[in-house]
Protein chains: 2
Amino acid sequence: MASGSKERIAAVTGELLARRGYNGMGLKAVSEAAGLPFGSIYHHFPGGKEEIAAHAIVRIGRAGADSLTALFAGSDSPEAALRAMFDFMADRLERSGWEAGCSVGTPAQDGPSDSEAVRQACDDALACMVDAVAGGLAGHGVPEGRAAGLATTVLAAYEGAALMARVQRSSAPLDRTVEAMVRLVDAARTARG
Amino acid sequence: MASGSKERIAAVTGELLARRGYNGMGLKAVSEAAGLPFGSIYHHFPGGKEEIAAHAIVRIGRAGADSLTALFAGSDSPEAALRAMFDFMADRLERSGWEAGCSVGTPAQDGPSDSEAVRQACDDALACMVDAVAGGLAGHGVPEGRAAGLATTVLAAYEGAALMARVQRSSAPLDRTVEAMVRLVDAARTARG
DNA sequence: GCCGTCCTAGAAAGATCGTTCTATTCGCGA
DNA sequence: TCGCGAATAGAACGATCTTTCTAGGACGGC
């Protein structure tokens, strides 16, 4: 029986990574947040911190990609999906007291210098989310040739705006950036839509 | 006599922050990279790690803003300045083996959770750079009402694309994103330029 | 020539981190 | 009922990090 402990470790790790980054996240904090003793962590993840972080990041990347796909599919327009996407992060930041950023983007800054496994996990997670956005845009009339490049831009702007919003303790960067993304997608859609 | 030691500490701190983030940067590494003994660090920065990092981040923010202002002023078009800006980061990443990201953006992810002073330093640095880009865009015909919002978007996209490029070990995200920024600025300029 | 100040120099302390190790407990099949 | 593996539980260890402390050297004013 796959106990819920492993799942719980992955979940709290994602949250801690989003708040403190890879180096700032301590395994003691993980065990406490998961309500598990220290030893259990190494039972479920013999690879230690690297494996825990990489597993959590990949997991969140897949879940995020699924959410994005569903979001675009369930929206009347790509603009509505983009606004919902950026609003999600604005809400998340504000409700956490501007502490919990993106669970992929935050460790992506300081993880790769310590662990190649973490770098690959971030790469995988970001690629999944870019693909999801690209598919969502293509489904709303963005030409195939433009969807991939535009999705990369959207995700870069999303991560960067989340970083700025966190530092400024204001959702303004996310609000401003999403408007630009809306214009960009609209232009790409009407160009040959 | 203001010895060059303090300046050297700030310089190597900026570089280490860009590579390893705030938590990943050790004071021992700073002293070694600066060619100074351990004690000297606390002589020049009695506030310890927080003060060192905050000082280095603010310093880099001001220098970056100055460079951006000069870059836009010296370019024939805003598009050329944008490309030079993104190319700078692509070159920097590639030449460092995809290890040295932005000296402001990298600590901005994991610094604020540990230190309010670092958060404020990142806020100041980002604001300086946004203002510089906004001024540069306005100087090239972007309407005043749009320049600030567009500059925020450009910087968010820049930071996010740098993050993605580092993780992917490829300049593709920067290359793709800058093209979108060029289109965006061009549209804003011809709208009411 | 002497002294106070700035800077260099590195040892020591105290805390924390990641990892490893050894029990103990729980749950299910034989 | 017994036994075996999975999971829990936490102590112990070595390494590292930040901070503090003491001491030595350079240099200019008196």
# chains A, B, ... in the order shown; residues from 1 in each chain; ligands from 1

$ interface_residues --of "chain C" --to "chain B" --cutoff "8 Å" --atoms "only C-alpha atoms (C1' of nucleotides)" --output "PyMOL selection string"
chain C and resi 7-10

$ residues_around --residues "Arg8 (chain A)" --least-positions-apart "4" --cutoff "10 Å" --atoms "only C-alpha atoms (C1' of nucleotides)" --output "tab-separated table (two decimals) with C-alpha atoms, in the first residue's frame"
chain	number	residue	atom	x	y	z
A	3	SER	CA	1.05	5.20	2.15
A	4	GLY	CA	0.04	8.81	2.03
A	12	VAL	CA	4.85	20.05	1.67
A	13	THR	CA	8.16	20.06	-0.19
A	14	GLY	CA	6.53	21.86	-3.09
A	30	VAL	CA	9.83	19.11	5.64
A	31	SER	CA	9.46	16.40	8.27
A	33	ALA	CA	5.34	20.11	8.04
A	34	ALA	CA	4.52	16.60	6.88
A	35	GLY	CA	3.97	15.42	10.45
A	36	LEU	CA	6.54	12.69	10.07

$ atom_distance --atom1 "CA of Arg20 (chain B)" --atom2 "CA of Ala162 (chain A)"
19.7 Å

$ interface_residues --of "chain A" --to "chain B" --cutoff "8 Å" --atoms "only C-alpha atoms" --output "PyMOL selection string"
chain A and resi 19-21+23-24+99+105-106+108-114+119-120+122-123+126+149-150+152-153+155-161+163-164+167-168+173+176-177+180+184

$ write_last_selection --atoms "N, CA and C atoms" --output "compact mmCIF listing (two decimals), in the first residue's frame"
# COMPACT_ATOMS: atom_id res chain seq x y z
N ARG A 19 8.48 28.77 -1.09
CA ARG A 19 8.68 29.86 -0.11
C ARG A 19 10.15 30.17 0.13
N ARG A 20 10.98 29.15 0.17
CA ARG A 20 12.35 29.37 0.60
C ARG A 20 13.41 28.95 -0.40
N GLY A 21 13.01 28.41 -1.51
CA GLY A 21 14.01 27.96 -2.48
C GLY A 21 14.63 26.62 -2.08
N ASN A 23 17.97 25.83 -1.45
CA ASN A 23 18.93 25.89 -0.34
C ASN A 23 18.26 26.30 0.97
N GLY A 24 17.22 27.08 0.87
CA GLY A 24 16.56 27.55 2.09
C GLY A 24 15.65 26.52 2.72
N GLU A 99 4.77 35.41 0.34
CA GLU A 99 5.89 34.51 0.64
C GLU A 99 5.95 33.30 -0.26
N GLY A 105 9.55 27.84 -10.29
CA GLY A 105 10.45 28.97 -10.55
C GLY A 105 11.38 29.29 -9.40
N THR A 106 10.88 29.18 -8.19
CA THR A 106 11.72 29.54 -7.05
C THR A 106 12.93 28.62 -6.89
N ALA A 108 14.13 26.88 -9.13
CA ALA A 108 14.87 26.91 -10.40
C ALA A 108 16.01 27.92 -10.37
N GLN A 109 15.94 28.86 -9.45
CA GLN A 109 17.01 29.86 -9.37
C GLN A 109 18.22 29.35 -8.62
N ASP A 110 18.02 28.70 -7.49
CA ASP A 110 19.18 28.31 -6.69
C ASP A 110 19.40 26.80 -6.63
N GLY A 111 18.52 26.03 -7.26
CA GLY A 111 18.68 24.58 -7.22
C GLY A 111 19.74 24.07 -8.19
N PRO A 112 19.70 24.51 -9.45
CA PRO A 112 20.61 23.96 -10.44
C PRO A 112 22.09 24.07 -10.07
N SER A 113 22.46 25.07 -9.30
CA SER A 113 23.87 25.20 -8.95
C SER A 113 24.30 24.12 -7.96
N ASP A 114 23.36 23.53 -7.27
CA ASP A 114 23.69 22.50 -6.29
C ASP A 114 23.42 21.08 -6.79
N ARG A 119 17.97 20.54 -11.47
CA ARG A 119 17.92 21.29 -12.74
C ARG A 119 17.07 20.56 -13.77
N GLN A 120 17.28 19.28 -13.91
CA GLN A 120 16.50 18.51 -14.87
C GLN A 120 15.03 18.49 -14.51
N CYS A 122 13.39 20.86 -12.95
CA CYS A 122 12.85 22.17 -13.31
C CYS A 122 12.66 22.26 -14.81
N ASP A 123 13.61 21.74 -15.55
CA ASP A 123 13.52 21.75 -17.00
C ASP A 123 12.28 20.99 -17.45
N LEU A 126 9.02 22.95 -16.42
CA LEU A 126 8.77 24.12 -17.26
C LEU A 126 8.36 23.70 -18.67
N GLY A 149 6.45 29.52 -29.47
CA GLY A 149 7.22 30.70 -29.07
C GLY A 149 6.43 31.61 -28.14
N LEU A 150 5.17 31.75 -28.44
CA LEU A 150 4.33 32.60 -27.61
C LEU A 150 4.16 31.99 -26.21
N THR A 152 6.29 30.14 -24.62
CA THR A 152 7.53 30.39 -23.89
C THR A 152 7.53 31.80 -23.32
N THR A 153 7.11 32.76 -24.14
CA THR A 153 7.05 34.15 -23.68
C THR A 153 6.07 34.30 -22.52
N LEU A 155 5.11 32.08 -20.36
CA LEU A 155 5.60 31.48 -19.12
C LEU A 155 6.76 32.27 -18.54
N ALA A 156 7.62 32.80 -19.40
CA ALA A 156 8.71 33.64 -18.90
C ALA A 156 8.14 34.87 -18.21
N ALA A 157 7.16 35.50 -18.85
CA ALA A 157 6.55 36.70 -18.26
C ALA A 157 5.86 36.35 -16.94
N TYR A 158 5.25 35.18 -16.91
CA TYR A 158 4.55 34.71 -15.70
C TYR A 158 5.54 34.54 -14.55
N GLU A 159 6.62 33.86 -14.80
CA GLU A 159 7.61 33.64 -13.75
C GLU A 159 8.26 34.95 -13.31
N GLY A 160 8.60 35.77 -14.28
CA GLY A 160 9.24 37.04 -13.93
C GLY A 160 8.30 37.97 -13.19
N ALA A 161 7.05 38.01 -13.62
CA ALA A 161 6.09 38.89 -12.95
C ALA A 161 5.81 38.38 -11.53
N LEU A 163 7.96 36.85 -9.65
CA LEU A 163 9.14 37.27 -8.88
C LEU A 163 9.03 38.73 -8.46
N MET A 164 8.66 39.57 -9.42
CA MET A 164 8.57 41.00 -9.12
C MET A 164 7.44 41.28 -8.12
N VAL A 167 8.55 40.44 -4.63
CA VAL A 167 9.50 41.41 -4.07
C VAL A 167 8.81 42.73 -3.75
N GLN A 168 7.89 43.13 -4.59
CA GLN A 168 7.20 44.41 -4.38
C GLN A 168 6.03 44.30 -3.42
N PRO A 173 2.71 44.01 -10.89
CA PRO A 173 3.48 43.46 -12.01
C PRO A 173 2.73 42.35 -12.74
N ARG A 176 -0.14 44.06 -14.78
CA ARG A 176 0.34 44.77 -15.97
C ARG A 176 0.83 43.81 -17.04
N THR A 177 1.53 42.79 -16.59
CA THR A 177 2.12 41.86 -17.55
C THR A 177 1.06 41.06 -18.29
N ALA A 180 -0.32 42.82 -21.27
CA ALA A 180 0.56 42.76 -22.44
C ALA A 180 0.46 41.40 -23.12
N LEU A 184 -0.63 40.50 -26.93
CA LEU A 184 0.26 39.70 -27.78
C LEU A 184 -0.48 38.51 -28.40

$ interface_residues --of "chain D" --to "chain B" --cutoff "9 Å" --atoms "only C-alpha atoms (C1' of nucleotides)" --output "number ranges by chain"
D: 17-19

$ write_last_selection --atoms "C-alpha atoms (C1' of nucleotides)" --output "PDB file, in the first residue's frame"
ATOM      1  C1'  DC D  17      27.643  28.264   8.082  1.00  0.00           C
ATOM      2  C1'  DT D  18      27.325  32.829  10.473  1.00  0.00           C
ATOM      3  C1'  DT D  19      28.983  35.415  13.972  1.00  0.00           C
TER       4       DT D  19
END

$ atom_distance --atom1 "CA of Ser170 (chain B)" --atom2 "CA of Phe86 (chain B)"
13.0 Å

$ residues_around --residues "DT22 (chain C)" --least-positions-apart "5" --cutoff "12 Å" --atoms "only C-alpha atoms (C1' of nucleotides)" --output "ChimeraX atom specification"
/A:39 /D:9-12

$ write_last_selection --atoms "N, CA and C atoms (P, O5', C5', C4', C3', O3' and C1' of nucleotides)" --output "PDB file, in the first residue's frame"
ATOM      1  N   GLY A  39      13.440  10.161  10.242  1.00  0.00           N
ATOM      2  CA  GLY A  39      13.881   8.950   9.552  1.00  0.00           C
ATOM      3  C   GLY A  39      12.976   8.548   8.405  1.00  0.00           C
TER       4      GLY A  39
ATOM      5  P    DA D   9       5.493   8.064  14.359  1.00  0.00           P
ATOM      6  O5'  DA D   9       6.891   8.232  15.070  1.00  0.00           O
ATOM      7  C5'  DA D   9       7.285   7.312  16.095  1.00  0.00           C
ATOM      8  C4'  DA D   9       8.758   7.450  16.405  1.00  0.00           C
ATOM      9  C3'  DA D   9       9.323   8.868  16.403  1.00  0.00           C
ATOM     10  O3'  DA D   9       9.422   9.315  17.756  1.00  0.00           O
ATOM     11  C1'  DA D   9      10.860   7.235  15.569  1.00  0.00           C
ATOM     12  P    DG D  10       9.735  10.837  18.098  1.00  0.00           P
ATOM     13  O5'  DG D  10      11.325  10.823  18.268  1.00  0.00           O
ATOM     14  C5'  DG D  10      11.921   9.839  19.101  1.00  0.00           C
ATOM     15  C4'  DG D  10      13.410   9.725  18.813  1.00  0.00           C
ATOM     16  C3'  DG D  10      14.170  11.067  18.779  1.00  0.00           C
ATOM     17  O3'  DG D  10      15.392  10.897  19.454  1.00  0.00           O
ATOM     18  C1'  DG D  10      14.719   9.809  16.942  1.00  0.00           C
ATOM     19  P    DA D  11      15.931  11.999  20.469  1.00  0.00           P
ATOM     20  O5'  DA D  11      17.353  11.394  20.878  1.00  0.00           O
ATOM     21  C5'  DA D  11      17.459  10.015  21.186  1.00  0.00           C
ATOM     22  C4'  DA D  11      18.716   9.419  20.550  1.00  0.00           C
ATOM     23  C3'  DA D  11      19.965  10.276  20.721  1.00  0.00           C
ATOM     24  O3'  DA D  11      21.056   9.451  21.083  1.00  0.00           O
ATOM     25  C1'  DA D  11      19.621   9.808  18.436  1.00  0.00           C
ATOM     26  P    DA D  12      22.424  10.129  21.560  1.00  0.00           P
ATOM     27  O5'  DA D  12      23.312  10.082  20.236  1.00  0.00           O
ATOM     28  C5'  DA D  12      23.567   8.822  19.620  1.00  0.00           C
ATOM     29  C4'  DA D  12      24.476   9.037  18.418  1.00  0.00           C
ATOM     30  C3'  DA D  12      25.590  10.064  18.636  1.00  0.00           C
ATOM     31  O3'  DA D  12      26.821   9.504  18.231  1.00  0.00           O
ATOM     32  C1'  DA D  12      24.347  10.595  16.687  1.00  0.00           C
TER      33       DA D  12
END

$ select_by_dssp --residues "region 16-150 of chain B" --states "helix (DSSP H, G or I)" --output "ChimeraX atom specification"
/B:16-24,27-34,38-44,48-73,78-95,105-110,116-138,144-150

$ atom_distance --atom1 "CA of Ile52 (chain A)" --atom2 "CA of Ala117 (chain A)"
10.2 Å

$ residues_around --residues "region 65-78 of chain A" --least-positions-apart "4" --cutoff "7 Å" --atoms "only C-alpha atoms (C1' of nucleotides)" --output "list in words"
Gly61, Leu82, Cys128, Met129, Ala132, Val133, Gly136, Leu137 and His140 of chain A

$ write_last_selection --atoms "N, CA and C atoms" --output "compact mmCIF listing (two decimals), in the first residue's frame"
# COMPACT_ATOMS: atom_id res chain seq x y z
N GLY A 61 5.06 20.25 -11.76
CA GLY A 61 5.07 20.63 -13.17
C GLY A 61 3.96 19.91 -13.93
N LEU A 82 -5.61 33.33 -19.80
CA LEU A 82 -4.40 34.02 -19.35
C LEU A 82 -4.67 34.81 -18.08
N CYS A 128 6.78 21.00 -19.55
CA CYS A 128 5.39 20.55 -19.50
C CYS A 128 4.43 21.72 -19.53
N MET A 129 4.75 22.73 -18.74
CA MET A 129 3.83 23.87 -18.66
C MET A 129 3.84 24.67 -19.95
N ALA A 132 1.73 22.85 -22.37
CA ALA A 132 0.30 22.99 -22.05
C ALA A 132 -0.23 24.33 -22.54
N VAL A 133 0.52 25.38 -22.30
CA VAL A 133 0.08 26.70 -22.76
C VAL A 133 0.06 26.75 -24.29
N GLY A 136 -2.95 25.04 -25.45
CA GLY A 136 -4.12 25.86 -25.16
C GLY A 136 -4.27 27.01 -26.13
N LEU A 137 -3.16 27.64 -26.48
CA LEU A 137 -3.21 28.75 -27.43
C LEU A 137 -3.60 28.25 -28.81
N HIS A 140 -7.11 27.76 -29.40
CA HIS A 140 -7.92 28.98 -29.50
C HIS A 140 -7.55 29.81 -30.73

$ decode --residues "region 158-188 of chain B" --atoms "N, CA and C atoms" --output "PDB file, in the first residue's frame"
ATOM      1  N   TYR B 158      12.191  39.469 -19.107  1.00  0.00           N
ATOM      2  CA  TYR B 158      13.648  39.321 -19.071  1.00  0.00           C
ATOM      3  C   TYR B 158      14.072  38.383 -17.942  1.00  0.00           C
ATOM      4  N   GLU B 159      13.563  38.617 -16.757  1.00  0.00           N
ATOM      5  CA  GLU B 159      13.922  37.776 -15.617  1.00  0.00           C
ATOM      6  C   GLU B 159      13.428  36.344 -15.802  1.00  0.00           C
ATOM      7  N   GLY B 160      12.199  36.228 -16.268  1.00  0.00           N
ATOM      8  CA  GLY B 160      11.652  34.889 -16.464  1.00  0.00           C
ATOM      9  C   GLY B 160      12.372  34.131 -17.563  1.00  0.00           C
ATOM     10  N   ALA B 161      12.689  34.805 -18.627  1.00  0.00           N
ATOM     11  CA  ALA B 161      13.389  34.141 -19.726  1.00  0.00           C
ATOM     12  C   ALA B 161      14.806  33.753 -19.300  1.00  0.00           C
ATOM     13  N   ALA B 162      15.429  34.590 -18.482  1.00  0.00           N
ATOM     14  CA  ALA B 162      16.764  34.248 -17.981  1.00  0.00           C
ATOM     15  C   ALA B 162      16.691  32.995 -17.119  1.00  0.00           C
ATOM     16  N   LEU B 163      15.670  32.916 -16.302  1.00  0.00           N
ATOM     17  CA  LEU B 163      15.476  31.728 -15.468  1.00  0.00           C
ATOM     18  C   LEU B 163      15.310  30.479 -16.335  1.00  0.00           C
ATOM     19  N   MET B 164      14.468  30.584 -17.353  1.00  0.00           N
ATOM     20  CA  MET B 164      14.220  29.428 -18.206  1.00  0.00           C
ATOM     21  C   MET B 164      15.468  29.051 -18.998  1.00  0.00           C
ATOM     22  N   ALA B 165      16.172  30.040 -19.480  1.00  0.00           N
ATOM     23  CA  ALA B 165      17.375  29.759 -20.260  1.00  0.00           C
ATOM     24  C   ALA B 165      18.413  29.036 -19.407  1.00  0.00           C
ATOM     25  N   ARG B 166      18.528  29.448 -18.190  1.00  0.00           N
ATOM     26  CA  ARG B 166      19.497  28.812 -17.308  1.00  0.00           C
ATOM     27  C   ARG B 166      19.141  27.357 -17.061  1.00  0.00           C
ATOM     28  N   VAL B 167      17.859  27.127 -16.811  1.00  0.00           N
ATOM     29  CA  VAL B 167      17.410  25.762 -16.534  1.00  0.00           C
ATOM     30  C   VAL B 167      17.542  24.888 -17.778  1.00  0.00           C
ATOM     31  N   GLN B 168      17.249  25.455 -18.915  1.00  0.00           N
ATOM     32  CA  GLN B 168      17.296  24.676 -20.166  1.00  0.00           C
ATOM     33  C   GLN B 168      18.694  24.612 -20.769  1.00  0.00           C
ATOM     34  N   ARG B 169      19.588  25.430 -20.242  1.00  0.00           N
ATOM     35  CA  ARG B 169      20.932  25.521 -20.822  1.00  0.00           C
ATOM     36  C   ARG B 169      20.842  25.861 -22.303  1.00  0.00           C
ATOM     37  N   SER B 170      20.039  26.836 -22.606  1.00  0.00           N
ATOM     38  CA  SER B 170      19.858  27.262 -23.989  1.00  0.00           C
ATOM     39  C   SER B 170      19.361  28.697 -24.008  1.00  0.00           C
ATOM     40  N   SER B 171      19.805  29.459 -24.984  1.00  0.00           N
ATOM     41  CA  SER B 171      19.375  30.847 -25.063  1.00  0.00           C
ATOM     42  C   SER B 171      18.025  30.982 -25.757  1.00  0.00           C
ATOM     43  N   ALA B 172      17.441  29.869 -26.157  1.00  0.00           N
ATOM     44  CA  ALA B 172      16.181  29.918 -26.910  1.00  0.00           C
ATOM     45  C   ALA B 172      15.086  30.722 -26.207  1.00  0.00           C
ATOM     46  N   PRO B 173      14.864  30.519 -24.905  1.00  0.00           N
ATOM     47  CA  PRO B 173      13.803  31.311 -24.254  1.00  0.00           C
ATOM     48  C   PRO B 173      14.056  32.809 -24.343  1.00  0.00           C
ATOM     49  N   LEU B 174      15.309  33.215 -24.197  1.00  0.00           N
ATOM     50  CA  LEU B 174      15.615  34.643 -24.317  1.00  0.00           C
ATOM     51  C   LEU B 174      15.390  35.123 -25.748  1.00  0.00           C
ATOM     52  N   ASP B 175      15.814  34.328 -26.714  1.00  0.00           N
ATOM     53  CA  ASP B 175      15.654  34.712 -28.113  1.00  0.00           C
ATOM     54  C   ASP B 175      14.185  34.835 -28.496  1.00  0.00           C
ATOM     55  N   ARG B 176      13.397  33.875 -28.045  1.00  0.00           N
ATOM     56  CA  ARG B 176      11.970  33.913 -28.397  1.00  0.00           C
ATOM     57  C   ARG B 176      11.253  35.051 -27.701  1.00  0.00           C
ATOM     58  N   THR B 177      11.598  35.249 -26.440  1.00  0.00           N
ATOM     59  CA  THR B 177      10.889  36.266 -25.667  1.00  0.00           C
ATOM     60  C   THR B 177      11.190  37.663 -26.165  1.00  0.00           C
ATOM     61  N   VAL B 178      12.426  37.898 -26.554  1.00  0.00           N
ATOM     62  CA  VAL B 178      12.751  39.251 -26.997  1.00  0.00           C
ATOM     63  C   VAL B 178      12.000  39.603 -28.282  1.00  0.00           C
ATOM     64  N   GLU B 179      11.748  38.619 -29.118  1.00  0.00           N
ATOM     65  CA  GLU B 179      10.978  38.896 -30.332  1.00  0.00           C
ATOM     66  C   GLU B 179       9.564  39.357 -29.977  1.00  0.00           C
ATOM     67  N   ALA B 180       8.997  38.716 -28.991  1.00  0.00           N
ATOM     68  CA  ALA B 180       7.652  39.137 -28.559  1.00  0.00           C
ATOM     69  C   ALA B 180       7.693  40.545 -27.980  1.00  0.00           C
ATOM     70  N   MET B 181       8.746  40.849 -27.222  1.00  0.00           N
ATOM     71  CA  MET B 181       8.846  42.196 -26.651  1.00  0.00           C
ATOM     72  C   MET B 181       9.004  43.244 -27.743  1.00  0.00           C
ATOM     73  N   VAL B 182       9.752  42.888 -28.784  1.00  0.00           N
ATOM     74  CA  VAL B 182       9.928  43.806 -29.906  1.00  0.00           C
ATOM     75  C   VAL B 182       8.577  44.108 -30.554  1.00  0.00           C
ATOM     76  N   ARG B 183       7.790  43.076 -30.761  1.00  0.00           N
ATOM     77  CA  ARG B 183       6.459  43.283 -31.362  1.00  0.00           C
ATOM     78  C   ARG B 183       5.589  44.151 -30.472  1.00  0.00           C
ATOM     79  N   LEU B 184       5.690  43.894 -29.188  1.00  0.00           N
ATOM     80  CA  LEU B 184       4.873  44.643 -28.231  1.00  0.00           C
ATOM     81  C   LEU B 184       5.223  46.126 -28.226  1.00  0.00           C
ATOM     82  N   VAL B 185       6.518  46.394 -28.202  1.00  0.00           N
ATOM     83  CA  VAL B 185       6.958  47.788 -28.166  1.00  0.00           C
ATOM     84  C   VAL B 185       6.620  48.478 -29.484  1.00  0.00           C
ATOM     85  N   ASP B 186       6.797  47.758 -30.567  1.00  0.00           N
ATOM     86  CA  ASP B 186       6.488  48.335 -31.863  1.00  0.00           C
ATOM     87  C   ASP B 186       5.011  48.700 -31.957  1.00  0.00           C
ATOM     88  N   ALA B 187       4.165  47.820 -31.454  1.00  0.00           N
ATOM     89  CA  ALA B 187       2.722  48.096 -31.488  1.00  0.00           C
ATOM     90  C   ALA B 187       2.380  49.309 -30.638  1.00  0.00           C
ATOM     91  N   ALA B 188       3.026  49.417 -29.488  1.00  0.00           N
ATOM     92  CA  ALA B 188       2.728  50.548 -28.613  1.00  0.00           C
ATOM     93  C   ALA B 188       3.231  51.852 -29.229  1.00  0.00           C
TER      94      ALA B 188
END
